[in-house]
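Trainee: Pasting structure.pdb below, which is PDB, C-alpha atoms.
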```pdb
MODEL        1
ATOM      1  CA  PRO A   1      -2.747 -13.641  -1.470
ATOM      2  CA  LYS A   2       0.214 -15.910  -2.145
ATOM      3  CA  THR A   3       1.549 -17.784   0.873
ATOM      4  CA  CYS A   4       5.130 -17.507   2.061
ATOM      5  CA  ASP A   5       5.645 -21.103   0.967
ATOM      6  CA  GLU A   6       4.569 -20.247  -2.584
ATOM      7  CA  ILE A   7       6.686 -17.096  -2.611
ATOM      8  CA  LYS A   8       9.797 -19.018  -1.559
ATOM      9  CA  LYS A   9       9.417 -21.237  -4.627
ATOM     10  CA  ILE A  10       9.903 -18.369  -7.072
ATOM     11  CA  SER A  11      13.093 -18.499  -9.088
ATOM     12  CA  PHE A  12      14.885 -15.291  -8.103
ATOM     13  CA  ASP A  13      17.028 -14.840  -5.000
ATOM     14  CA  LEU A  14      15.162 -12.812  -2.396
ATOM     15  CA  GLY A  15      18.377 -11.643  -0.731
ATOM     16  CA  SER A  16      18.593 -10.222   2.768
ATOM     17  CA  GLU A  17      18.986  -6.469   2.269
ATOM     18  CA  LEU A  18      15.963  -5.791   4.463
ATOM     19  CA  LYS A  19      17.434  -7.687   7.417
ATOM     20  CA  GLU A  20      16.531  -6.051  10.740
ATOM     21  CA  LYS A  21      14.694  -3.200   9.005
ATOM     22  CA  LYS A  22      11.447  -2.260  10.716
ATOM     23  CA  ILE A  23       8.700  -1.864   8.124
ATOM     24  CA  LEU A  24       5.114  -0.700   8.520
ATOM     25  CA  VAL A  25       2.805  -1.795   5.698
ATOM     26  CA  ILE A  26      -0.347   0.292   5.681
ATOM     27  CA  GLY A  27      -2.981  -1.920   4.071
ATOM     28  CA  GLY A  28      -0.897  -5.048   4.534
ATOM     29  CA  SER A  29      -3.703  -7.517   5.168
ATOM     30  CA  ARG A  30      -4.763  -7.995   1.542
ATOM     31  CA  GLY A  31      -3.649  -7.630  -2.058
ATOM     32  CA  ILE A  32      -0.214  -6.316  -2.955
ATOM     33  CA  GLY A  33       0.313  -5.057   0.597
ATOM     34  CA  ALA A  34      -0.010  -8.577   2.007
ATOM     35  CA  VAL A  35       2.351 -10.023  -0.593
ATOM     36  CA  PHE A  36       4.858  -7.258   0.073
ATOM     37  CA  ALA A  37       4.693  -7.868   3.831
ATOM     38  CA  LYS A  38       5.488 -11.549   3.284
ATOM     39  CA  LEU A  39       8.308 -10.845   0.823
ATOM     40  CA  ALA A  40       9.856  -8.269   3.153
ATOM     41  CA  SER A  41       9.668 -10.706   6.070
ATOM     42  CA  LEU A  42      11.356 -13.419   4.019
ATOM     43  CA  MET A  43      14.095 -10.878   3.268
ATOM     44  CA  GLY A  44      14.723 -10.388   6.981
ATOM     45  CA  ALA A  45      12.528  -7.410   7.844
ATOM     46  CA  GLN A  46      10.518  -6.999  11.028
ATOM     47  CA  VAL A  47       7.073  -6.230   9.655
ATOM     48  CA  ALA A  48       3.931  -4.698  11.084
ATOM     49  CA  ILE A  49       0.732  -4.398   9.064
ATOM     50  CA  THR A  50      -2.510  -2.500   9.353
ATOM     51  CA  TYR A  51      -5.966  -3.548   8.263
ATOM     52  CA  SER A  52      -9.116  -1.531   7.741
ATOM     53  CA  SER A  53     -11.934  -4.032   8.307
ATOM     54  CA  SER A  54     -10.852  -7.697   8.314
ATOM     55  CA  GLU A  55      -8.899  -8.726  11.394
ATOM     56  CA  THR A  56      -9.040 -12.311  10.126
ATOM     57  CA  ASP A  57      -7.081 -11.406   6.974
ATOM     58  CA  ALA A  58      -4.449  -9.551   8.998
ATOM     59  CA  ARG A  59      -4.119 -12.400  11.475
ATOM     60  CA  ASP A  60      -3.707 -14.921   8.642
ATOM     61  CA  VAL A  61      -0.915 -12.859   7.050
ATOM     62  CA  CYS A  62       0.957 -12.661  10.346
ATOM     63  CA  LYS A  63       0.487 -16.370  11.063
ATOM     64  CA  ASP A  64       1.895 -17.220   7.631
ATOM     65  CA  ILE A  65       4.917 -14.989   8.239
ATOM     66  CA  GLU A  66       5.527 -16.481  11.700
ATOM     67  CA  LYS A  67       5.413 -19.987  10.251
ATOM     68  CA  HIS A  68       8.141 -19.310   7.674
ATOM     69  CA  THR A  69      10.430 -16.760   9.341
ATOM     70  CA  ASN A  70      12.043 -15.973  12.675
ATOM     71  CA  SER A  71      10.224 -12.646  12.876
ATOM     72  CA  ASN A  72       7.350 -11.672  15.119
ATOM     73  CA  PRO A  73       4.955  -9.640  12.950
ATOM     74  CA  HIS A  74       2.043  -7.814  14.469
ATOM     75  CA  PHE A  75      -1.055  -6.101  13.185
ATOM     76  CA  GLN A  76      -3.372  -3.288  14.169
ATOM     77  CA  GLN A  77      -6.644  -1.874  12.943
ATOM     78  CA  LEU A  78      -6.358   1.453  11.145
ATOM     79  CA  ASP A  79      -8.918   3.400   9.157
ATOM     80  CA  VAL A  80      -6.799   5.935   7.263
ATOM     81  CA  THR A  81      -9.857   8.141   6.756
ATOM     82  CA  ASN A  82     -10.329   8.445  10.517
ATOM     83  CA  PHE A  83      -8.179  11.472  11.249
ATOM     84  CA  GLU A  84      -8.740  11.165  15.005
ATOM     85  CA  GLN A  85      -7.321   7.643  14.865
ATOM     86  CA  LEU A  86      -4.319   8.837  12.851
ATOM     87  CA  LYS A  87      -3.344  11.159  15.688
ATOM     88  CA  ASP A  88      -2.549   8.172  17.900
ATOM     89  CA  ILE A  89      -0.684   5.946  15.443
ATOM     90  CA  LYS A  90       2.890   5.059  16.421
ATOM     91  CA  LEU A  91       5.377   5.218  13.570
ATOM     92  CA  ASN A  92       8.734   4.084  14.931
ATOM     93  CA  TYR A  93       9.764   2.333  11.710
ATOM     94  CA  ASP A  94      12.587   2.567   9.171
ATOM     95  CA  ILE A  95      10.353   2.096   6.137
ATOM     96  CA  LEU A  96       6.732   3.041   5.482
ATOM     97  CA  CYS A  97       4.780   1.340   2.679
ATOM     98  CA  TYR A  98       1.412   2.843   1.831
ATOM     99  CA  PHE A  99      -0.949   0.329   0.216
ATOM    100  CA  ALA A 100      -4.185   1.774   1.601
ATOM    101  CA  SER A 101      -6.890   1.906  -1.045
ATOM    102  CA  PRO A 102     -10.662   2.210  -1.285
ATOM    103  CA  LYS A 103     -12.569   0.270  -3.942
ATOM    104  CA  ILE A 104     -11.245   1.258  -7.375
ATOM    105  CA  PHE A 105     -13.323  -0.749  -9.811
ATOM    106  CA  ASN A 106     -16.766   0.522  -8.815
ATOM    107  CA  GLN A 107     -17.182   3.380 -11.248
ATOM    108  CA  SER A 108     -20.310   3.322 -13.406
ATOM    109  CA  SER A 109     -20.826   6.874 -14.631
ATOM    110  CA  ASN A 110     -19.288   8.497 -17.700
ATOM    111  CA  HIS A 111     -19.296  11.813 -15.840
ATOM    112  CA  PHE A 112     -16.663  12.932 -13.361
ATOM    113  CA  ASP A 113     -17.884  11.998  -9.896
ATOM    114  CA  ASP A 114     -16.788  14.637  -7.365
ATOM    115  CA  ALA A 115     -17.717  12.486  -4.373
ATOM    116  CA  LEU A 116     -15.720   9.535  -5.699
ATOM    117  CA  PHE A 117     -12.713  11.739  -6.393
ATOM    118  CA  SER A 118     -12.970  13.197  -2.882
ATOM    119  CA  ASN A 119     -12.835   9.671  -1.464
ATOM    120  CA  PHE A 120      -9.732   8.813  -3.482
ATOM    121  CA  TYR A 121      -8.089  12.139  -2.649
ATOM    122  CA  GLU A 122      -8.684  11.656   1.051
ATOM    123  CA  VAL A 123      -6.959   8.251   1.053
ATOM    124  CA  TYR A 124      -4.153   8.874  -1.449
ATOM    125  CA  CYS A 125      -3.302  12.450  -0.466
ATOM    126  CA  GLU A 126      -4.684  13.784   2.804
ATOM    127  CA  SER A 127      -4.231  10.638   4.878
ATOM    128  CA  PHE A 128      -0.857   9.824   3.371
ATOM    129  CA  LYS A 129       0.406  13.330   4.188
ATOM    130  CA  ILE A 130      -0.579  12.987   7.854
ATOM    131  CA  ILE A 131       0.949   9.519   8.177
ATOM    132  CA  PHE A 132       4.137  10.414   6.313
ATOM    133  CA  GLU A 133       4.797  13.523   8.371
ATOM    134  CA  LYS A 134       4.370  11.559  11.600
ATOM    135  CA  PHE A 135       6.711   8.943  10.125
ATOM    136  CA  VAL A 136       9.359  11.602   9.418
ATOM    137  CA  GLN A 137       9.008  13.031  12.918
ATOM    138  CA  SER A 138       9.809   9.545  14.233
ATOM    139  CA  LYS A 139      13.044   9.496  12.174
ATOM    140  CA  GLY A 140      11.707   7.269   9.397
ATOM    141  CA  GLN A 141      14.056   6.749   6.457
ATOM    142  CA  ILE A 142      12.181   5.689   3.323
ATOM    143  CA  ALA A 143       8.540   5.668   2.220
ATOM    144  CA  TYR A 144       7.031   3.676  -0.636
ATOM    145  CA  TYR A 145       4.026   5.079  -2.508
ATOM    146  CA  PRO A 146       2.460   2.877  -5.195
ATOM    147  CA  SER A 147       0.903   4.805  -8.056
ATOM    148  CA  THR A 148      -0.622   3.530 -11.293
ATOM    149  CA  ILE A 149       0.492   2.881 -14.860
ATOM    150  CA  TYR A 150      -2.955   4.139 -15.857
ATOM    151  CA  LEU A 151      -1.461   7.642 -15.762
ATOM    152  CA  GLU A 152       0.507   6.684 -18.879
ATOM    153  CA  GLN A 153      -2.306   4.822 -20.626
ATOM    154  CA  ASP A 154      -5.608   5.763 -22.211
ATOM    155  CA  VAL A 155      -7.807   3.758 -19.863
ATOM    156  CA  LYS A 156     -11.408   4.886 -19.776
ATOM    157  CA  GLY A 157     -13.493   5.134 -16.633
ATOM    158  CA  PHE A 158     -10.787   5.974 -14.103
ATOM    159  CA  ALA A 159     -10.669   9.766 -14.237
ATOM    160  CA  GLU A 160     -11.254  10.253 -10.508
ATOM    161  CA  TYR A 161      -8.755   7.578  -9.508
ATOM    162  CA  ASN A 162      -6.100   8.814 -11.932
ATOM    163  CA  LEU A 163      -6.424  12.440 -10.852
ATOM    164  CA  ALA A 164      -6.076  11.508  -7.187
ATOM    165  CA  LYS A 165      -2.994   9.382  -7.920
ATOM    166  CA  GLU A 166      -1.470  12.147 -10.038
ATOM    167  CA  MET A 167      -1.975  14.597  -7.189
ATOM    168  CA  GLY A 168      -0.537  11.994  -4.820
ATOM    169  CA  GLU A 169       2.639  11.795  -6.911
ATOM    170  CA  LYS A 170       3.019  15.569  -6.812
ATOM    171  CA  LEU A 171       2.430  15.527  -3.058
ATOM    172  CA  CYS A 172       5.180  12.927  -2.644
ATOM    173  CA  SER A 173       7.603  15.115  -4.576
ATOM    174  CA  SER A 174       6.736  18.102  -2.405
ATOM    175  CA  LEU A 175       6.962  16.168   0.882
ATOM    176  CA  SER A 176      10.251  14.567  -0.105
ATOM    177  CA  LYS A 177      11.835  17.956  -0.749
ATOM    178  CA  LYS A 178      10.295  19.536   2.342
ATOM    179  CA  HIS A 179      11.500  16.842   4.740
ATOM    180  CA  ASN A 180      14.590  15.641   2.853
ATOM    181  CA  CYS A 181      13.283  12.086   3.072
ATOM    182  CA  LYS A 182      13.173   9.585   0.220
ATOM    183  CA  ILE A 183       9.778   8.602  -1.149
ATOM    184  CA  ILE A 184       9.778   5.914  -3.817
ATOM    185  CA  VAL A 185       6.876   6.488  -6.204
ATOM    186  CA  ASP A 186       6.212   3.448  -8.355
ATOM    187  CA  ARG A 187       3.680   3.293 -11.194
ATOM    188  CA  LEU A 188       2.483  -0.282 -10.886
ATOM    189  CA  GLU A 189       0.891  -2.349 -13.622
ATOM    190  CA  ARG A 190      -2.588  -3.698 -13.110
ATOM    191  CA  THR A 191      -2.087  -6.472 -10.568
ATOM    192  CA  GLU A 192      -4.146  -9.485  -9.569
ATOM    193  CA  THR A 193      -5.763  -8.673  -6.226
ATOM    194  CA  ASP A 194      -9.135  -9.161  -4.583
ATOM    195  CA  GLN A 195     -10.176  -5.921  -6.308
ATOM    196  CA  THR A 196      -9.293  -7.066  -9.828
ATOM    197  CA  ILE A 197      -9.942 -10.802  -9.672
ATOM    198  CA  ASN A 198     -13.603 -10.475 -10.685
ATOM    199  CA  VAL A 199     -13.113  -7.874 -13.407
ATOM    200  CA  LEU A 200     -13.446  -9.791 -16.661
ATOM    201  CA  ARG A 201     -11.409  -9.635 -19.870
ATOM    202  CA  THR A 202      -8.573  -7.574 -18.402
ATOM    203  CA  PRO A 203      -5.241  -9.320 -17.791
ATOM    204  CA  SER A 204      -3.546  -8.683 -14.450
ATOM    205  CA  LEU A 205       0.004  -9.453 -13.307
ATOM    206  CA  ASN A 206       1.042 -11.768 -10.505
ATOM    207  CA  PRO A 207       1.532  -9.644  -7.344
ATOM    208  CA  VAL A 208       4.765 -11.492  -6.473
ATOM    209  CA  ASP A 209       6.278 -10.523  -9.824
ATOM    210  CA  VAL A 210       5.136  -6.919  -9.384
TER     211      VAL A 210
ENDMDL
END
```
Kindly return the structure encoded in the file as structure tokens.

Mentor:
Amino acid sequence: PKTCDEIKKISFDLGSELKEKKILVIGGSRGIGAVFAKLASLMGAQVAITYSSSETDARDVCKDIEKHTNSNPHFQQLDVTNFEQLKDIKLNYDILCYFASPKIFNQSSNHFDDALFSNFYEVYCESFKIIFEKFVQSKGQIAYYPSTIYLEQDVKGFAEYNLAKEMGEKLCSSLSKKHNCKIIVDRLERTETDQTINVLRTPSLNPVDV
């Protein structure tokens, strides 16, 4: 992902409205999550990130943040599909950002794949619900849930992914009302990440711009 040094060179004013906010970025070691963690840190936030498999990626993100800010970011391993592990996660943060995602661009069948949908549903709905409710119990203020612009477009081959995200949006609406806590649901454009970089002939947006 982009480095903090590269991010600081962008033309718009980052501002400081996140100063002293404590933010947990689930899936903050790669892709949009990593870029968001760096942006938030540059805006004054105290950031923590989780990673699923690559400790090296998480460590590199935190080192980059430390080099360019006065914050002290930290990281921890978290498999959001491991419900036993979710029981022990500490969520004493003001803001929760949920960028956890399995592989999206690995669909090869023209038929609806129940197993693939189940995998997406587990990550985007079941795991998010557990994490969000623990976040609320710890007096969290705002959650951010990235969805997909594909729900508004006729993009073939993503039926399982789109259905899980659509159900995730409905879950966010329900949880927000139930707990009286704000959840920002954002339908993001296709963005350049390690998942999309090798998919040919499809333009992707810069993650910093997104």

Trainee: Which residues, written as a count of residues only, have at least one atom at most 12 Å from Gln85 (chain A), with all atoms listed in the file counted and residues fewer than 5 positions away on the same chain left out?

Mentor: 10

Trainee: For this structure, which residues satisfy the selection - the PyMOL selection byres ((chain A and resi 140-154) around 7) - when it is evaluated on the file as given? I want them as a PyMOL selection string.

Mentor: chain A and resi 93-99+135-136+138-139+155-156+162+165+181-189

Trainee: What is the distance, in Å and to one decimal place, between CA of Lys22 (chain A) and CA of Glu133 (chain A)?

Mentor: 17.3 Å

Trainee: For Thr81 (chain A), work out the shell of residues within 9 Å, counting all atoms listed in the file and skipping chain neighbours fewer than 6 positions away, then give it as a list in words.

Mentor: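 Surrounding residues, per the criterion: Asn119, Glu122, Val123, Glu126 and Ser127 of chain A.
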
Trainee: Skip Ile7 (chain A) itself and residues of its chain fewer than 5 positions away, then list as a PyMOL selection string all residues within 12 Å of it, counting all atoms listed in the file.

Mentor: chain A and resi 1-2+12-14+34-43+64-65+68+206-209

Trainee: What does the distance from CA of Arg190 (chain A) to CA of Pro102 (chain A) come to in Å, to one decimal?

Mentor: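 Interatomic distance here is 15.5 Å.
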
Trainee: With distances taken over all atoms listed in the file, which residue among A:Ser118, A:Asn92, A:Gln137, A:Asn180 lies nearest Leu163 (chain A)?

Mentor: A:Ser118

Trainee: Just to confirm, what's the straight-line distance from CA of Lys19 (chain A) to CA of Gln46 (chain A) in Å (one decimal)?

Mentor: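 About the pair CA of Lys19 (chain A) and CA of Gln46 (chain A): they are 7.8 Å apart.
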
Trainee: Considering only C-alpha atoms, return as a PyMOL selection string whatever protein or nucleic-acid residues lie within 8 Å of region 55-59 of chain A, sequence-local ones (same chain, fewer than 5 positions apart) excluded.

Mentor: chain A and resi 28-30+49-50+75+77

Trainee: I need the residue nearest Ser176 (chain A) from this list: A:Lys129, A:Leu24, A:Ala164, A:Asp114. Use all atoms listed in the file for the distance.

Mentor: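 Distance minimum relative to Ser176 (chain A) lands on A:Lys129.
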
Trainee: Taking into account all atoms listed in the file, which residue in the set A:His74, A:Ser174, A:Ile89, A:Gly27 is nearest to Ser54 (chain A)?

Mentor: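 When distances to Ser54 (chain A) are compared using all atoms listed in the file, the smallest one comes from A:Gly27.
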
Trainee: Can you work out which one of A:Asp113, A:Lys21, A:Lys134, A:Lys178 has the shortest atom-to-atom distance to Ala159 (chain A), counting all atoms listed in the file?

Mentor: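 Ranking A:Asp113, A:Lys21, A:Lys134, A:Lys178 by distance to Ala159 (chain A), first place goes to A:Asp113.
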
Trainee: Give me the box for region 14-27 of chain A as JSON, namely the centre and edge lengths in Å to one decimal of a box along x, y and z that holds every listed atom plus 6 Å on each side.

Mentor:
```
{"center_x": 8.0, "center_y": -6.3, "center_z": 4.2, "size_x": 34.0, "size_y": 25.1, "size_z": 25.1}
```

Trainee: Counting all atoms listed in the file, which of A:Ile26, A:Cys4, A:Leu91, A:Leu18 gets nearest to Val61 (chain A)?

Mentor: A:Cys4

Trainee: With all atoms listed in the file as the atoms that count, which of A:Ser71, A:Phe128, A:Phe112, A:Lys170 lies nearest to Phe83 (chain A)?

Mentor: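 Smallest separation from Phe83 (chain A) among the options: A:Phe128.
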
Trainee: Is it possible to dump region 122-193 of chain A as a PDB file, in the first residue's frame, including just C-alpha atoms?

Mentor:
```
ATOM      1  CA  GLU A 122     -19.456 -15.547   7.827  1.00  0.00           C
ATOM      2  CA  VAL A 123     -16.944 -12.704   7.407  1.00  0.00           C
ATOM      3  CA  TYR A 124     -19.260  -9.853   6.392  1.00  0.00           C
ATOM      4  CA  CYS A 125     -22.204 -10.682   8.656  1.00  0.00           C
ATOM      5  CA  GLU A 126     -21.659 -13.182  11.455  1.00  0.00           C
ATOM      6  CA  SER A 127     -18.185 -12.055  12.487  1.00  0.00           C
ATOM      7  CA  PHE A 128     -18.991  -8.376  12.115  1.00  0.00           C
ATOM      8  CA  LYS A 129     -22.052  -8.772  14.358  1.00  0.00           C
ATOM      9  CA  ILE A 130     -19.987 -10.369  17.137  1.00  0.00           C
ATOM     10  CA  ILE A 131     -17.236  -7.752  16.908  1.00  0.00           C
ATOM     11  CA  PHE A 132     -19.630  -4.810  16.677  1.00  0.00           C
ATOM     12  CA  GLU A 133     -21.675  -5.880  19.679  1.00  0.00           C
ATOM     13  CA  LYS A 134     -18.524  -6.258  21.776  1.00  0.00           C
ATOM     14  CA  PHE A 135     -17.470  -2.824  20.513  1.00  0.00           C
ATOM     15  CA  VAL A 136     -20.784  -1.305  21.647  1.00  0.00           C
ATOM     16  CA  GLN A 137     -20.503  -2.972  25.047  1.00  0.00           C
ATOM     17  CA  SER A 138     -17.137  -1.228  25.429  1.00  0.00           C
ATOM     18  CA  LYS A 139     -18.798   2.161  24.754  1.00  0.00           C
ATOM     19  CA  GLY A 140     -17.638   2.454  21.145  1.00  0.00           C
ATOM     20  CA  GLN A 141     -19.014   5.433  19.232  1.00  0.00           C
ATOM     21  CA  ILE A 142     -18.874   4.882  15.472  1.00  0.00           C
ATOM     22  CA  ALA A 143     -18.339   1.886  13.190  1.00  0.00           C
ATOM     23  CA  TYR A 144     -17.370   1.954   9.522  1.00  0.00           C
ATOM     24  CA  TYR A 145     -18.561  -0.839   7.223  1.00  0.00           C
ATOM     25  CA  PRO A 146     -17.324  -0.781   3.619  1.00  0.00           C
ATOM     26  CA  SER A 147     -19.763  -2.250   1.127  1.00  0.00           C
ATOM     27  CA  THR A 148     -19.571  -2.383  -2.665  1.00  0.00           C
ATOM     28  CA  ILE A 149     -20.764  -0.315  -5.613  1.00  0.00           C
ATOM     29  CA  TYR A 150     -21.352  -3.651  -7.341  1.00  0.00           C
ATOM     30  CA  LEU A 151     -24.767  -3.671  -5.653  1.00  0.00           C
ATOM     31  CA  GLU A 152     -25.733  -0.826  -7.992  1.00  0.00           C
ATOM     32  CA  GLN A 153     -24.075  -2.230 -11.109  1.00  0.00           C
ATOM     33  CA  ASP A 154     -24.666  -5.179 -13.401  1.00  0.00           C
ATOM     34  CA  VAL A 155     -21.370  -6.924 -12.728  1.00  0.00           C
ATOM     35  CA  LYS A 156     -21.360 -10.598 -13.594  1.00  0.00           C
ATOM     36  CA  GLY A 157     -19.733 -13.284 -11.490  1.00  0.00           C
ATOM     37  CA  PHE A 158     -20.149 -11.765  -8.033  1.00  0.00           C
ATOM     38  CA  ALA A 159     -23.545 -13.075  -6.951  1.00  0.00           C
ATOM     39  CA  GLU A 160     -22.285 -14.645  -3.721  1.00  0.00           C
ATOM     40  CA  TYR A 161     -20.207 -11.619  -2.761  1.00  0.00           C
ATOM     41  CA  ASN A 162     -22.986  -9.154  -3.574  1.00  0.00           C
ATOM     42  CA  LEU A 163     -25.620 -11.077  -1.629  1.00  0.00           C
ATOM     43  CA  ALA A 164     -23.397 -11.255   1.445  1.00  0.00           C
ATOM     44  CA  LYS A 165     -22.664  -7.517   1.251  1.00  0.00           C
ATOM     45  CA  GLU A 166     -26.350  -6.719   0.771  1.00  0.00           C
ATOM     46  CA  MET A 167     -27.185  -8.762   3.853  1.00  0.00           C
ATOM     47  CA  GLY A 168     -24.327  -7.028   5.663  1.00  0.00           C
ATOM     48  CA  GLU A 169     -25.855  -3.628   4.892  1.00  0.00           C
ATOM     49  CA  LYS A 170     -29.208  -4.750   6.268  1.00  0.00           C
ATOM     50  CA  LEU A 171     -27.476  -6.127   9.358  1.00  0.00           C
ATOM     51  CA  CYS A 172     -25.770  -2.769   9.913  1.00  0.00           C
ATOM     52  CA  SER A 173     -29.116  -0.989   9.742  1.00  0.00           C
ATOM     53  CA  SER A 174     -30.602  -3.405  12.261  1.00  0.00           C
ATOM     54  CA  LEU A 175     -27.628  -3.224  14.651  1.00  0.00           C
ATOM     55  CA  SER A 176     -27.511   0.559  14.468  1.00  0.00           C
ATOM     56  CA  LYS A 177     -31.153   0.833  15.501  1.00  0.00           C
ATOM     57  CA  LYS A 178     -30.856  -1.862  18.161  1.00  0.00           C
ATOM     58  CA  HIS A 179     -27.843  -0.308  19.886  1.00  0.00           C
ATOM     59  CA  ASN A 180     -28.391   3.351  18.958  1.00  0.00           C
ATOM     60  CA  CYS A 181     -24.852   3.487  17.598  1.00  0.00           C
ATOM     61  CA  LYS A 182     -23.810   5.000  14.278  1.00  0.00           C
ATOM     62  CA  ILE A 183     -22.609   2.652  11.555  1.00  0.00           C
ATOM     63  CA  ILE A 184     -21.357   4.293   8.380  1.00  0.00           C
ATOM     64  CA  VAL A 185     -22.063   2.027   5.411  1.00  0.00           C
ATOM     65  CA  ASP A 186     -20.115   3.089   2.347  1.00  0.00           C
ATOM     66  CA  ARG A 187     -20.469   1.537  -1.112  1.00  0.00           C
ATOM     67  CA  LEU A 188     -16.906   1.757  -2.359  1.00  0.00           C
ATOM     68  CA  GLU A 189     -15.799   1.753  -5.975  1.00  0.00           C
ATOM     69  CA  ARG A 190     -13.487  -0.966  -7.179  1.00  0.00           C
ATOM     70  CA  THR A 191     -10.159  -0.046  -5.604  1.00  0.00           C
ATOM     71  CA  GLU A 192      -6.571  -0.970  -6.378  1.00  0.00           C
ATOM     72  CA  THR A 193      -5.480  -3.498  -3.759  1.00  0.00           C
TER      73      THR A 193
END
```
